[in-house]
file my_file-v5.txt (compact mmCIF, N, CA and C atoms)
# COMPACT_ATOMS: atom_id res chain seq x y z
N MET N 1 -6.22 2.79 -1.20
CA MET N 1 -5.80 3.77 -2.18
C MET N 1 -4.47 3.31 -2.79
N PRO N 2 -4.39 3.18 -4.12
CA PRO N 2 -3.15 2.73 -4.74
C PRO N 2 -2.05 3.79 -4.63
N ASN N 3 -0.81 3.30 -4.63
CA ASN N 3 0.32 4.22 -4.59
C ASN N 3 0.44 4.95 -5.92
N ALA N 4 0.68 6.25 -5.85
CA ALA N 4 0.90 7.04 -7.07
C ALA N 4 2.29 6.73 -7.60
N PRO N 5 2.45 6.75 -8.92
CA PRO N 5 3.78 6.49 -9.47
C PRO N 5 4.75 7.62 -9.11
N ILE N 6 6.00 7.26 -8.98
CA ILE N 6 7.04 8.25 -8.69
C ILE N 6 7.46 8.86 -10.02
N LYS N 7 7.23 10.15 -10.16
CA LYS N 7 7.60 10.87 -11.39
C LYS N 7 8.83 11.74 -11.18
N THR N 8 8.97 12.27 -9.96
CA THR N 8 10.09 13.15 -9.66
C THR N 8 10.73 12.73 -8.34
N VAL N 9 12.03 12.54 -8.37
CA VAL N 9 12.80 12.22 -7.17
C VAL N 9 13.63 13.43 -6.81
N GLY N 10 13.60 13.77 -5.53
CA GLY N 10 14.50 14.78 -5.01
C GLY N 10 15.72 14.07 -4.45
N LEU N 11 16.89 14.55 -4.82
CA LEU N 11 18.12 13.91 -4.38
C LEU N 11 18.88 14.87 -3.48
N MET N 12 19.13 14.44 -2.25
CA MET N 12 19.86 15.23 -1.27
C MET N 12 21.08 14.44 -0.84
N ALA N 13 22.22 15.13 -0.77
CA ALA N 13 23.47 14.42 -0.50
C ALA N 13 24.29 15.09 0.60
N LYS N 14 25.06 14.28 1.26
CA LYS N 14 25.98 14.72 2.30
C LYS N 14 27.11 15.54 1.68
N PRO N 15 27.49 16.63 2.30
CA PRO N 15 28.63 17.40 1.80
C PRO N 15 29.95 16.62 1.96
N ARG N 16 30.85 16.86 1.06
CA ARG N 16 32.21 16.32 1.14
C ARG N 16 32.26 14.81 1.32
N SER N 17 31.50 14.10 0.51
CA SER N 17 31.47 12.65 0.58
C SER N 17 32.13 12.07 -0.67
N GLU N 18 33.22 11.37 -0.46
CA GLU N 18 33.92 10.75 -1.58
C GLU N 18 33.02 9.76 -2.31
N ARG N 19 32.24 9.00 -1.56
CA ARG N 19 31.34 8.00 -2.17
C ARG N 19 30.27 8.66 -3.02
N ALA N 20 29.78 9.81 -2.61
CA ALA N 20 28.72 10.51 -3.37
C ALA N 20 29.23 11.04 -4.70
N THR N 21 30.53 11.27 -4.81
CA THR N 21 31.11 11.78 -6.05
C THR N 21 30.77 10.88 -7.24
N ASP N 22 30.85 9.58 -7.05
CA ASP N 22 30.51 8.64 -8.11
C ASP N 22 29.03 8.26 -8.09
N LEU N 23 28.48 8.13 -6.90
CA LEU N 23 27.13 7.62 -6.75
C LEU N 23 26.07 8.57 -7.30
N VAL N 24 26.19 9.85 -7.06
CA VAL N 24 25.16 10.80 -7.50
C VAL N 24 24.98 10.75 -9.02
N PRO N 25 26.04 10.88 -9.83
CA PRO N 25 25.82 10.80 -11.28
C PRO N 25 25.26 9.45 -11.74
N GLU N 26 25.73 8.35 -11.11
CA GLU N 26 25.21 7.02 -11.45
C GLU N 26 23.72 6.92 -11.15
N LEU N 27 23.32 7.41 -9.99
CA LEU N 27 21.93 7.32 -9.57
C LEU N 27 21.04 8.19 -10.46
N ILE N 28 21.51 9.36 -10.81
CA ILE N 28 20.74 10.23 -11.72
C ILE N 28 20.50 9.52 -13.05
N ALA N 29 21.55 8.93 -13.60
CA ALA N 29 21.41 8.21 -14.88
C ALA N 29 20.44 7.04 -14.74
N TRP N 30 20.53 6.30 -13.66
CA TRP N 30 19.66 5.15 -13.42
C TRP N 30 18.20 5.59 -13.36
N LEU N 31 17.94 6.67 -12.64
CA LEU N 31 16.56 7.17 -12.52
C LEU N 31 16.05 7.68 -13.86
N LYS N 32 16.87 8.42 -14.58
CA LYS N 32 16.43 8.96 -15.88
C LYS N 32 16.15 7.85 -16.89
N GLN N 33 16.92 6.76 -16.83
CA GLN N 33 16.66 5.61 -17.71
C GLN N 33 15.29 5.01 -17.46
N ARG N 34 14.76 5.25 -16.28
CA ARG N 34 13.45 4.73 -15.90
C ARG N 34 12.35 5.77 -16.02
N GLY N 35 12.66 6.89 -16.66
CA GLY N 35 11.67 7.93 -16.90
C GLY N 35 11.35 8.79 -15.69
N VAL N 36 12.23 8.81 -14.71
CA VAL N 36 12.02 9.59 -13.49
C VAL N 36 12.86 10.86 -13.58
N SER N 37 12.25 12.01 -13.40
CA SER N 37 13.02 13.24 -13.38
C SER N 37 13.63 13.43 -11.99
N VAL N 38 14.72 14.19 -11.94
CA VAL N 38 15.48 14.34 -10.71
C VAL N 38 15.68 15.82 -10.41
N THR N 39 15.40 16.18 -9.17
CA THR N 39 15.68 17.52 -8.66
C THR N 39 16.77 17.38 -7.61
N LEU N 40 17.78 18.22 -7.71
CA LEU N 40 18.95 18.09 -6.83
C LEU N 40 19.01 19.20 -5.80
N ASP N 41 19.48 18.84 -4.60
CA ASP N 41 19.81 19.90 -3.65
C ASP N 41 21.18 20.45 -4.04
N GLU N 42 21.62 21.47 -3.33
CA GLU N 42 22.86 22.13 -3.70
C GLU N 42 24.07 21.19 -3.61
N GLU N 43 24.09 20.32 -2.63
CA GLU N 43 25.21 19.38 -2.49
C GLU N 43 25.21 18.35 -3.61
N ALA N 44 24.06 17.75 -3.90
CA ALA N 44 23.98 16.78 -4.99
C ALA N 44 24.31 17.44 -6.32
N GLY N 45 23.92 18.70 -6.47
CA GLY N 45 24.25 19.44 -7.68
C GLY N 45 25.75 19.56 -7.88
N LEU N 46 26.48 19.78 -6.80
CA LEU N 46 27.94 19.85 -6.90
C LEU N 46 28.53 18.54 -7.42
N TYR N 47 28.02 17.42 -6.94
CA TYR N 47 28.51 16.12 -7.38
C TYR N 47 28.15 15.83 -8.84
N ALA N 48 27.03 16.40 -9.29
CA ALA N 48 26.55 16.14 -10.64
C ALA N 48 27.03 17.19 -11.64
N GLY N 49 27.70 18.22 -11.16
CA GLY N 49 28.12 19.31 -12.05
C GLY N 49 26.94 20.09 -12.58
N ALA N 50 25.93 20.26 -11.73
CA ALA N 50 24.70 20.94 -12.12
C ALA N 50 24.28 21.90 -11.02
N SER N 51 23.31 22.72 -11.33
CA SER N 51 22.76 23.63 -10.31
C SER N 51 21.84 22.85 -9.39
N GLY N 52 21.88 23.19 -8.13
CA GLY N 52 20.99 22.58 -7.16
C GLY N 52 20.11 23.63 -6.53
N LEU N 53 19.09 23.17 -5.84
CA LEU N 53 18.12 24.04 -5.19
C LEU N 53 18.24 23.89 -3.67
N PRO N 54 17.73 24.86 -2.92
CA PRO N 54 17.65 24.68 -1.48
C PRO N 54 16.78 23.45 -1.15
N ARG N 55 17.11 22.79 -0.07
CA ARG N 55 16.41 21.54 0.27
C ARG N 55 14.90 21.68 0.39
N PRO N 56 14.36 22.74 0.98
CA PRO N 56 12.89 22.84 1.03
C PRO N 56 12.24 22.88 -0.36
N GLU N 57 12.91 23.48 -1.32
CA GLU N 57 12.38 23.51 -2.70
C GLU N 57 12.44 22.13 -3.34
N VAL N 58 13.49 21.39 -3.05
CA VAL N 58 13.60 20.02 -3.56
C VAL N 58 12.48 19.17 -2.98
N ALA N 59 12.24 19.29 -1.69
CA ALA N 59 11.18 18.52 -1.03
C ALA N 59 9.81 18.87 -1.60
N ALA N 60 9.58 20.13 -1.89
CA ALA N 60 8.28 20.57 -2.42
C ALA N 60 8.01 20.00 -3.81
N ALA N 61 9.06 19.73 -4.58
CA ALA N 61 8.90 19.30 -5.96
C ALA N 61 8.91 17.78 -6.14
N ALA N 62 9.20 17.03 -5.08
CA ALA N 62 9.48 15.60 -5.22
C ALA N 62 8.32 14.72 -4.78
N ASP N 63 8.24 13.55 -5.42
CA ASP N 63 7.33 12.47 -5.00
C ASP N 63 8.03 11.54 -4.02
N LEU N 64 9.37 11.58 -4.03
CA LEU N 64 10.21 10.76 -3.16
C LEU N 64 11.52 11.50 -2.97
N LEU N 65 12.04 11.51 -1.75
CA LEU N 65 13.36 12.07 -1.49
C LEU N 65 14.34 10.94 -1.23
N ILE N 66 15.42 10.91 -2.00
CA ILE N 66 16.51 9.99 -1.74
C ILE N 66 17.58 10.80 -1.04
N VAL N 67 17.95 10.34 0.15
CA VAL N 67 18.91 11.06 0.98
C VAL N 67 20.16 10.20 1.08
N LEU N 68 21.27 10.72 0.56
CA LEU N 68 22.55 10.01 0.57
C LEU N 68 23.44 10.61 1.63
N GLY N 69 23.75 9.85 2.67
CA GLY N 69 24.61 10.37 3.73
C GLY N 69 24.49 9.54 4.98
N GLY N 70 24.38 10.24 6.07
CA GLY N 70 24.24 9.59 7.36
C GLY N 70 23.06 10.18 8.10
N ASP N 71 23.06 9.99 9.40
CA ASP N 71 21.94 10.46 10.21
C ASP N 71 21.78 11.97 10.15
N GLY N 72 22.87 12.71 10.16
CA GLY N 72 22.79 14.16 10.10
C GLY N 72 22.17 14.65 8.80
N THR N 73 22.54 14.04 7.69
CA THR N 73 21.97 14.40 6.40
C THR N 73 20.48 14.06 6.37
N LEU N 74 20.13 12.91 6.93
CA LEU N 74 18.73 12.52 6.99
C LEU N 74 17.91 13.50 7.83
N LEU N 75 18.42 13.89 8.98
CA LEU N 75 17.70 14.83 9.83
C LEU N 75 17.55 16.19 9.14
N SER N 76 18.57 16.62 8.43
CA SER N 76 18.48 17.87 7.67
C SER N 76 17.40 17.77 6.58
N ALA N 77 17.37 16.64 5.89
CA ALA N 77 16.36 16.42 4.85
C ALA N 77 14.95 16.39 5.46
N ALA N 78 14.82 15.75 6.61
CA ALA N 78 13.51 15.67 7.27
C ALA N 78 13.02 17.06 7.66
N ARG N 79 13.93 17.92 8.15
CA ARG N 79 13.53 19.29 8.48
C ARG N 79 13.07 20.04 7.23
N ALA N 80 13.75 19.83 6.12
CA ALA N 80 13.39 20.50 4.87
C ALA N 80 12.05 20.01 4.34
N ALA N 81 11.70 18.76 4.64
CA ALA N 81 10.48 18.16 4.10
C ALA N 81 9.30 18.21 5.06
N ILE N 82 9.46 18.85 6.19
CA ILE N 82 8.46 18.77 7.25
C ILE N 82 7.06 19.22 6.82
N HIS N 83 6.98 20.15 5.90
CA HIS N 83 5.68 20.66 5.46
C HIS N 83 5.19 20.02 4.16
N HIS N 84 5.84 18.95 3.76
CA HIS N 84 5.50 18.28 2.51
C HIS N 84 5.25 16.80 2.79
N ASP N 85 4.27 16.26 2.15
CA ASP N 85 3.94 14.85 2.33
C ASP N 85 4.76 14.02 1.34
N VAL N 86 6.02 13.84 1.68
CA VAL N 86 6.94 13.13 0.78
C VAL N 86 7.75 12.12 1.59
N PRO N 87 7.82 10.87 1.13
CA PRO N 87 8.61 9.86 1.85
C PRO N 87 10.10 10.08 1.64
N LEU N 88 10.88 9.69 2.63
CA LEU N 88 12.33 9.78 2.57
C LEU N 88 12.92 8.38 2.46
N PHE N 89 13.85 8.23 1.55
CA PHE N 89 14.55 6.96 1.31
C PHE N 89 16.01 7.22 1.66
N ALA N 90 16.42 6.77 2.84
CA ALA N 90 17.72 7.14 3.39
C ALA N 90 18.77 6.06 3.12
N VAL N 91 19.87 6.48 2.51
CA VAL N 91 20.95 5.57 2.15
C VAL N 91 22.20 5.96 2.92
N ASN N 92 22.77 5.01 3.64
CA ASN N 92 23.97 5.24 4.43
C ASN N 92 25.20 5.16 3.55
N LEU N 93 25.97 6.24 3.52
CA LEU N 93 27.18 6.26 2.70
C LEU N 93 28.42 5.79 3.45
N GLY N 94 28.22 5.09 4.52
CA GLY N 94 29.36 4.59 5.28
C GLY N 94 29.38 5.21 6.66
N GLY N 95 30.24 4.73 7.48
CA GLY N 95 30.28 5.24 8.84
C GLY N 95 29.10 4.73 9.64
N LEU N 96 28.93 5.32 10.79
CA LEU N 96 27.89 4.88 11.70
C LEU N 96 26.59 5.59 11.37
N GLY N 97 25.53 4.84 11.19
CA GLY N 97 24.22 5.42 10.93
C GLY N 97 23.16 4.57 11.58
N PHE N 98 22.40 5.17 12.46
CA PHE N 98 21.31 4.45 13.13
C PHE N 98 19.99 4.61 12.37
N LEU N 99 19.82 5.75 11.72
CA LEU N 99 18.57 6.04 11.03
C LEU N 99 18.63 5.69 9.54
N THR N 100 19.82 5.68 8.99
CA THR N 100 20.00 5.38 7.57
C THR N 100 20.31 3.90 7.41
N ALA N 101 19.27 3.12 7.24
CA ALA N 101 19.42 1.66 7.28
C ALA N 101 19.82 1.04 5.94
N ILE N 102 19.56 1.71 4.83
CA ILE N 102 19.84 1.13 3.52
C ILE N 102 21.31 1.35 3.19
N LYS N 103 21.99 0.29 2.84
CA LYS N 103 23.41 0.37 2.47
C LYS N 103 23.52 0.66 0.98
N VAL N 104 24.61 1.27 0.58
CA VAL N 104 24.83 1.61 -0.83
C VAL N 104 24.70 0.37 -1.71
N ASP N 105 25.22 -0.75 -1.26
CA ASP N 105 25.16 -1.98 -2.05
C ASP N 105 23.72 -2.45 -2.30
N ASP N 106 22.78 -2.03 -1.46
CA ASP N 106 21.37 -2.43 -1.59
C ASP N 106 20.52 -1.36 -2.26
N LEU N 107 21.10 -0.24 -2.60
CA LEU N 107 20.36 0.92 -3.10
C LEU N 107 19.43 0.57 -4.27
N TYR N 108 19.97 0.02 -5.34
CA TYR N 108 19.17 -0.20 -6.54
C TYR N 108 18.13 -1.31 -6.34
N ASN N 109 18.49 -2.35 -5.58
CA ASN N 109 17.52 -3.41 -5.31
C ASN N 109 16.35 -2.86 -4.49
N GLN N 110 16.63 -1.99 -3.53
CA GLN N 110 15.57 -1.42 -2.71
C GLN N 110 14.69 -0.45 -3.50
N LEU N 111 15.32 0.31 -4.38
CA LEU N 111 14.53 1.23 -5.21
C LEU N 111 13.63 0.45 -6.13
call {"tool": "encode", "arguments": {"input": "my_file-v5.txt", "output": "C-alpha cells"}}
result
Amino acid sequence: MPNAPIKTVGLMAKPRSERATDLVPELIAWLKQRGVSVTLDEEAGLYAGASGLPRPEVAAAADLLIVLGGDGTLLSAARAAIHHDVPLFAVNLGGLGFLTAIKVDDLYNQL
C-alpha cells in the first residue's frame, strides 16, 4: 500500500523553549511553502502568535505530528495521539533526550 501524501501536519512544542521561539515560525513557513497546512497545539500557537488547539484535537486533524521538545513533550504528544493512527516525528530541542533522536540541525533534511 503506497504512503498517503502528508497534507496536514500537527505541530506540538515544548513550553518555555528558547529554541522553539525561532524554530516554530520557521517550520510553519517551510511547511506552507510546500503546500502543507499546519495545525498548532497551544504551546506552538504561543510561539507562532496564533491560536492553538488542545493536543488531542491536533492529533485528530493531522497526517503527521511534529513534536519539538524532549522526551516529556514526546510522551505527552503520544498520549494525545493514542486513539489516532498518526506517526510522530520527534525533534530534540537540546538537553538530554533518549526518545527524541532527530536533532534540530537535521530537521529539514529528515522531513
call {"tool": "select_by_dssp", "arguments": {"input": "my_file-v5.txt", "residues": "chain N", "states": "strand (DSSP E or B)", "output": "PyMOL selection string"}}
result
chain N and resi 8-13+37-41+53+64-69+88-92+102-103
call {"tool": "select_by_dssp", "arguments": {"input": "my_file-v5.txt", "residues": "chain N", "states": "helix (DSSP H, G or I)", "output": "ChimeraX atom specification"}}
result
/N:18-33,42-48,55-61,71-80,104-110
call {"tool": "closest_atom_pairs", "arguments": {"input": "my_file-v5.txt", "of": "stretch 65-108 of chain N", "to": "stretch 34-46 of chain N", "cutoff": "10 Å", "atoms": "only C-alpha atoms", "output": "JSON lines"}}
result
{"residue": "N:Leu65", "atom": "CA", "partner": "N:Thr39", "partner_atom": "CA", "distance": 9.3}
{"residue": "N:Ile66", "atom": "CA", "partner": "N:Leu40", "partner_atom": "CA", "distance": 9.9}
{"residue": "N:Val67", "atom": "CA", "partner": "N:Ala44", "partner_atom": "CA", "distance": 9.7}
{"residue": "N:Leu68", "atom": "CA", "partner": "N:Ala44", "partner_atom": "CA", "distance": 8.9}
{"residue": "N:Ala77", "atom": "CA", "partner": "N:Asp41", "partner_atom": "CA", "distance": 9.8}
call {"tool": "residues_around", "arguments": {"input": "my_file-v5.txt", "residues": "stretch 18-26 of chain N", "least_positions_apart": "5", "cutoff": "6 Å", "atoms": "only N, CA and C atoms", "output": "list in words"}}
result
Leu31, Tyr47 and Ala48 of chain N
call {"tool": "residues_near_point", "arguments": {"input": "my_file-v5.txt", "point": "(19.6, 5.4, 1.1)", "cutoff": "5 Å", "atoms": "all atoms listed in the file", "output": "list of chain:residue names"}}
result
N:Val67, N:Phe89, N:Ala90, N:Val91, N:Asn92, N:Ile102
call {"tool": "closest_residue", "arguments": {"input": "my_file-v5.txt", "among": "N:Ala29, N:Ala13, N:Ala59, N:Ala50", "to": "N:Ile82", "atoms": "only N, CA and C atoms"}}
result
N:Ala59
call {"tool": "residues_around", "arguments": {"input": "my_file-v5.txt", "residues": "N:Pro56", "least_positions_apart": "3", "cutoff": "6 Å", "atoms": "only N, CA and C atoms", "output": "VMD selection string"}}
result
chain N and resid 59 to 60 80 to 81
call {"tool": "closest_residue", "arguments": {"input": "my_file-v5.txt", "among": "N:Leu11, N:Val58, N:Ile6, N:Leu64", "to": "N:Pro87", "atoms": "only N, CA and C atoms"}}
result
N:Leu64
call {"tool": "atom_distance", "arguments": {"input": "my_file-v5.txt", "atom1": "atom N of N:Ser51", "atom2": "atom CA of N:Gln33"}}
result
19.4 Å
call {"tool": "atom_distance", "arguments": {"input": "my_file-v5.txt", "atom1": "atom N of N:Gln110", "atom2": "atom N of N:Leu53"}}
result
25.4 Å
call {"tool": "closest_residue", "arguments": {"input": "my_file-v5.txt", "among": "N:Arg16, N:Asp63, N:Leu75, N:Gly49", "to": "N:Asn3", "atoms": "only C-alpha atoms"}}
result
N:Asp63
call {"tool": "atom_distance", "arguments": {"input": "my_file-v5.txt", "atom1": "atom CA of N:Leu27", "atom2": "atom CA of N:Gly52"}}
result
15.5 Å
